[in-house]
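Remarks on the structure that follows.
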Amino acid sequence: RLAMNELLLWLGRVAGLGGLLLCLVALGSRFSGSHWVAGFQVGTLLQGGTAAMVFGGFCLLAWLVENARRG
């Protein structure tokens, strides 16, 4: 059970950070006037980054709930 808790914590952190970086790349390229990055539209990258941050938030929420339950 402890391994699952640690996995949720690290998965949440990594997904959130990766999503943030993906959103920053999308915003930076859009502000520079580009609509495409590595064959992907900037909007697609922004949606992917947002989805990764939401997933990371759910992982961290599950971690918090499990820790509160253990008390």
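Identifiers in the structure tokens: chain A, B, ... in order shown; residue index from 1 per chain; ligand index from 1 in order shown.
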Write out as a count of residues only the residues lying within 12 Å of Phe58 in chain A, counting only C-alpha atoms and excluding same-chain residues fewer than 3 positions away.
17
May I have the residues within 10 Å of range 38-47 of chain A as a ChimeraX atom specification, using only C-alpha atoms and disregarding those fewer than 3 positions away in the same chain?
/A:19-30,34-35,50-53
Among the residues of range 1-69 of chain A, find those DSSP assigns to alpha helix (DSSP H) from the backbone and print them as a ChimeraX atom specification.
/A:2-31,42-69
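Between Glu66 in chain A and the residues A:Phe31, A:Gly18, A:Val37, A:Glu6, the shortest atom-to-atom distance, using only C-alpha atoms, involves A:Glu6.
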Apply DSSP to the backbone of this structure and, from chain A, keep only the residues in strand (DSSP E or B); write these as a PyMOL selection string.
chain A and resi 36-37+40-41
Between CA of Gly57 in chain A and CA of Trp36 in chain A, what is the distance in Å, rounded to a tenth?
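Rounded to one decimal, the two atoms are 27.5 Å apart.
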